[in-house]
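Q: Sharing a structure, written as structure tokens. Questions coming.
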Amino acid sequence: MMNRRHFLAVGTFAGVGLTGLAGLGSFATPVAAKTTGELDRRAEAKFRLSCQVGGMVPGDTVPAKMANMKKYGLEAVEPHGGVVDNPAEFKKMADDAGLQVSAICWGSHDGDLCKEDTGRINVVRDALKKALEAAGILGAKGVIYVPAFATQTKLSNQEIRKRCLEFLPEMGAFAKEHNTSVILEPLCRMEAFFLRQVADAASICRDCGGVDSGVGVMGDFYHMDTEEASDLGAFISGGPYVKHVHLAGGTTEPARTLPGQNSRTFVDGFRGLKYIGYQNFCSFECGCSGDPAVEFPKSVEFLRAQWEEA
């Protein structure tokens with residue numbers, strides 16, 4: 001039986017009227033009254049790699065890991081939420097290694113936005129503003145934010161979306177003051193019941209005020225492996241709202257490991273990123289099966305080859 005991902009890869013993408021997805025060769029109908037040339041921004045796209053400071057990259061210390069990122073041709077590093085307590089120190093380490101800071105992987109702040117106790121919204125508001133200030137100091141594209149993981153809220157999808165639309169415009173405006181953005185991360189159904197597809201997050205960005213709202217979206221190839229019928233379609237649906245990408249192998253074993261270590265392919269998604277003229281970072285967020293000193297550079301080369309094929 002043909003699964004939905006295979007069907008879309010070889011057939012049609014009805015949502016935007018695309019045909020011949022495998023090569024992006026032609027359009028059946030205009031999209032949003034624009035010509036193919038106006039939509040196609042492949043000439044602008046750049047492949048820029050980043051990595052979290054984790055076990056997937058070789059090195060015994062943070063500076064050593066950063067040095068290896070630079071050695072293997074990466075341009076940026078992605079810190080976790082703890083960086084907000086001392087962003088200047090982290091920025092100096094990144095500067096010394098010759099790396100930019102791509103984004104802060106911040107999380108949900110225990111799902112405070114979506115608690116039944118509405119007083120928790122003030123707590124997450126203050127905390128997210130602190131993170132956005134840190135992102136501004138770091139020169140990061142944004143703060144990656146999850147409204148709530150599945151176990152952190154009892155609200156319905158509709159209630160959570162309403163909270164987001166009441167909360168995020170203020171956060172987006174604050175982010176713009178610090179030359180950064182709030183980046184919504186869709187998660188797979190094993191981790192969240194709300195906000196599972198790139199298009200879902202893009203619709204929230206639209207309703208928060210559009211591309212200039214300071215609110216954006218990211219795609220994570222691990223989560224997309226479960227939730228998206230087409231990686232290409234997902235990134236096209238995100239369009240100008242896509243501010244960041246996470247790189248990880250998919251759900252087949254070994255799951256969520258370095259790209260190239262399982263059967264997950266990235267070509268379809270990279271075609272989508274190329275088509276929207278993506279120039280922000282693609283950042284490793286995964287584990288490693290084997291010796292990182294051997295496997296990490298292999299994964300970098302694998303991804304570069306996939307980008308060239310796309």
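Quick note on naming: the chains in the structure tokens go A, B, ... in the order shown, residues restart at 1 in each chain, and ligands are numbered from 1 in order of appearance.
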With only C-alpha atoms as the counted atoms, please give the residues lying no more than 10 Å from range 269-275 of chain A, apart from itself and same-chain residues fewer than 3 positions off, as number ranges by chain.

A: A: 21-24, 39-47, 219, 221, 224, 230-239, 242, 245, 265-266, 278-280, 303, 306-310

Q: Quick one: residues within 10 Å of Glu253 in chain A, only C-alpha atoms counted, chain neighbours fewer than 5 positions away excluded, as a ChimeraX atom specification?

A: /A:261-264

Q: With only C-alpha atoms as the counted atoms, please give the residues lying no more than 12 Å from Ser102 in chain A, apart from itself and same-chain residues fewer than 4 positions off, as an MDAnalysis selection string.

A: chainID A and resid 48:53 74:80 91 94 135:136 138:144 180:181 183 243:246 279:284

Q: Identify, on the basis of only C-alpha atoms, every residue whose closest approach to Ala202 in chain A does not exceed 7 Å; exclude the query and any residue fewer than 4 positions from it along the same chain; express the result as JSON, numbers by chain.

A: {"A": [198, 206, 217, 238, 241]}

Q: Please provide the set of residues having any atom within 8 Å of Phe296 in chain A, restricted to only C-alpha atoms, with same-chain residues fewer than 5 positions apart removed, written as a VMD selection string.

A: chain A and resid 56 to 58 258 288

Q: When DSSP is applied to the backbone of this structure, which of range 83-263 of chain A are assigned strand (DSSP E)? Write them out as a list in words.

A: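 Here is the list: Gln100, Val101, Ile104, Cys105, Trp106, Gly107, Val143, Ile144, Tyr145, Val182, Ile183, Leu184, Val215, Gly216, Val217, Met218, Gly219, Asp220, Val242, Lys243, His244, Val245, His246 and Leu247 of chain A.
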
Q: Would you output that residue set with N, CA and C atoms, as a short mmCIF file (atom, residue, chain, number, x, y, z; two decimals), in the first residue's frame?

A:
```
data_model
loop_
_atom_site.label_atom_id
_atom_site.label_comp_id
_atom_site.auth_asym_id
_atom_site.auth_seq_id
_atom_site.Cartn_x
_atom_site.Cartn_y
_atom_site.Cartn_z
N GLN A 100 28.54 32.08 14.88
CA GLN A 100 27.38 32.87 15.26
C GLN A 100 26.52 32.04 16.23
N VAL A 101 25.50 32.67 16.79
CA VAL A 101 24.51 31.95 17.60
C VAL A 101 23.22 31.91 16.79
N ILE A 104 18.05 30.19 20.48
CA ILE A 104 18.04 29.62 21.82
C ILE A 104 16.94 28.57 21.88
N CYS A 105 17.30 27.33 22.22
CA CYS A 105 16.32 26.25 22.36
C CYS A 105 15.74 26.33 23.77
N TRP A 106 14.61 27.01 23.92
CA TRP A 106 14.14 27.44 25.23
C TRP A 106 13.10 26.52 25.84
N GLY A 107 12.19 25.99 25.04
CA GLY A 107 11.18 25.08 25.57
C GLY A 107 9.86 25.75 25.89
N VAL A 143 14.07 32.79 19.77
CA VAL A 143 13.91 31.91 20.92
C VAL A 143 12.88 30.86 20.55
N ILE A 144 13.27 29.60 20.56
CA ILE A 144 12.37 28.51 20.19
C ILE A 144 11.42 28.24 21.35
N TYR A 145 10.12 28.32 21.07
CA TYR A 145 9.11 28.28 22.11
C TYR A 145 8.03 27.25 21.79
N VAL A 182 10.22 35.30 18.27
CA VAL A 182 9.69 34.11 18.93
C VAL A 182 9.49 33.06 17.84
N ILE A 183 10.05 31.87 18.03
CA ILE A 183 9.96 30.83 17.01
C ILE A 183 9.16 29.65 17.57
N LEU A 184 7.98 29.43 17.02
CA LEU A 184 7.13 28.33 17.46
C LEU A 184 7.63 27.00 16.90
N VAL A 215 6.89 36.94 15.21
CA VAL A 215 6.58 35.55 15.54
C VAL A 215 6.81 34.70 14.30
N GLY A 216 7.61 33.65 14.44
CA GLY A 216 7.93 32.77 13.33
C GLY A 216 7.73 31.32 13.70
N VAL A 217 8.18 30.45 12.82
CA VAL A 217 7.98 29.01 12.98
C VAL A 217 9.24 28.28 12.58
N MET A 218 9.40 27.07 13.09
CA MET A 218 10.50 26.21 12.65
C MET A 218 9.94 24.84 12.28
N GLY A 219 10.77 24.06 11.59
CA GLY A 219 10.45 22.68 11.31
C GLY A 219 11.55 21.79 11.86
N ASP A 220 11.17 20.69 12.48
CA ASP A 220 12.11 19.71 13.02
C ASP A 220 11.90 18.41 12.25
N VAL A 242 9.25 30.69 8.22
CA VAL A 242 10.24 29.70 8.66
C VAL A 242 11.53 30.40 9.05
N LYS A 243 11.89 30.34 10.33
CA LYS A 243 13.06 31.03 10.86
C LYS A 243 14.18 30.08 11.30
N HIS A 244 13.87 28.78 11.43
CA HIS A 244 14.87 27.87 11.97
C HIS A 244 14.47 26.44 11.59
N VAL A 245 15.44 25.54 11.57
CA VAL A 245 15.21 24.13 11.25
C VAL A 245 16.05 23.27 12.18
N HIS A 246 15.47 22.18 12.68
CA HIS A 246 16.22 21.20 13.45
C HIS A 246 16.47 19.96 12.60
N LEU A 247 17.69 19.47 12.67
CA LEU A 247 18.12 18.30 11.90
C LEU A 247 18.25 17.09 12.82
#
```

Q: Find the spatial neighbours of Ile204 in chain A, counting only C-alpha atoms, within a cut-off of 8 Å - ignore same-chain residues fewer than 5 positions away - and output them as a list in words.

A: Arg161, Cys164 and Leu165 of chain A

Q: How would the residues just picked look written out with N, CA and C atoms as a PDB file, in the first residue's frame?

A:
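What landed in part11.pdb:
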```
ATOM      1  N   ARG A 161      -5.049  27.798  21.434  1.00  0.00           N
ATOM      2  CA  ARG A 161      -4.843  28.736  20.323  1.00  0.00           C
ATOM      3  C   ARG A 161      -5.268  30.147  20.729  1.00  0.00           C
ATOM      4  N   CYS A 164      -2.576  31.648  22.762  1.00  0.00           N
ATOM      5  CA  CYS A 164      -1.446  32.043  21.919  1.00  0.00           C
ATOM      6  C   CYS A 164      -1.697  33.385  21.250  1.00  0.00           C
ATOM      7  N   LEU A 165      -2.904  33.572  20.729  1.00  0.00           N
ATOM      8  CA  LEU A 165      -3.213  34.809  20.010  1.00  0.00           C
ATOM      9  C   LEU A 165      -3.350  36.004  20.939  1.00  0.00           C
TER      10      LEU A 165
END
```

Q: To one decimal place, how far is CA of Phe194 in chain A from CA of Ala150 in chain A in Å?

A: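 CA of Ala150 in chain A lies 7.7 Å from CA of Phe194 in chain A.
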
Q: In Å to one decimal, how far is CA of Cys114 in chain A from CA of His223 in chain A?

A: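 Calculated distance between CA of His223 in chain A and CA of Cys114 in chain A is 21.2 Å.
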
Q: My list of candidates is A:Leu113, A:Ala229, A:Met69, A:Ala127. Which is closest to Glu166 in chain A when distances are computed with only C-alpha atoms?

A: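 Among A:Leu113, A:Ala229, A:Met69, A:Ala127, it is A:Leu113 that comes nearest to Glu166 in chain A.
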
Q: Of the candidates A:Gly55, A:Pro292, A:Gly172, A:Gly98, which shows the shortest atom-to-atom distance to Lys70 in chain A, using only C-alpha atoms?

A: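 For Lys70 in chain A, the nearest of the given residues is A:Gly98.
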
Q: Ranking A:Glu133, A:Glu295, A:Asp112, A:Asp207 by minimum distance to Pro87 in chain A and counting only C-alpha atoms, which one comes first?

A: A:Glu133

Q: Work out how far CA of Gly287 in chain A is from CA of Ser299 in chain A, in Å to one decimal.

A: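 One can read the CA of Ser299 in chain A to CA of Gly287 in chain A distance as 11.7 Å.
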
Q: Restricting the calculation to only C-alpha atoms: of A:Lys65, A:Arg304, A:Ala199, A:Glu285, which residue gets closest to Ala103 in chain A?

A: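 Comparing A:Lys65, A:Arg304, A:Ala199, A:Glu285 against Ala103 in chain A, the winner is A:Glu285.
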
Q: Near Asp110 in chain A, within 9 Å and counting only C-alpha atoms, which residues show up once chain neighbours fewer than 4 positions away are dropped, as a count of residues only?

A: 6

Q: Taking only C-alpha atoms into account, name the residue in A:Val211, A:Ala173, A:Val84, A:Val146 that is nearest to Ala192 in chain A.

A: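 Closest candidate: A:Val146.
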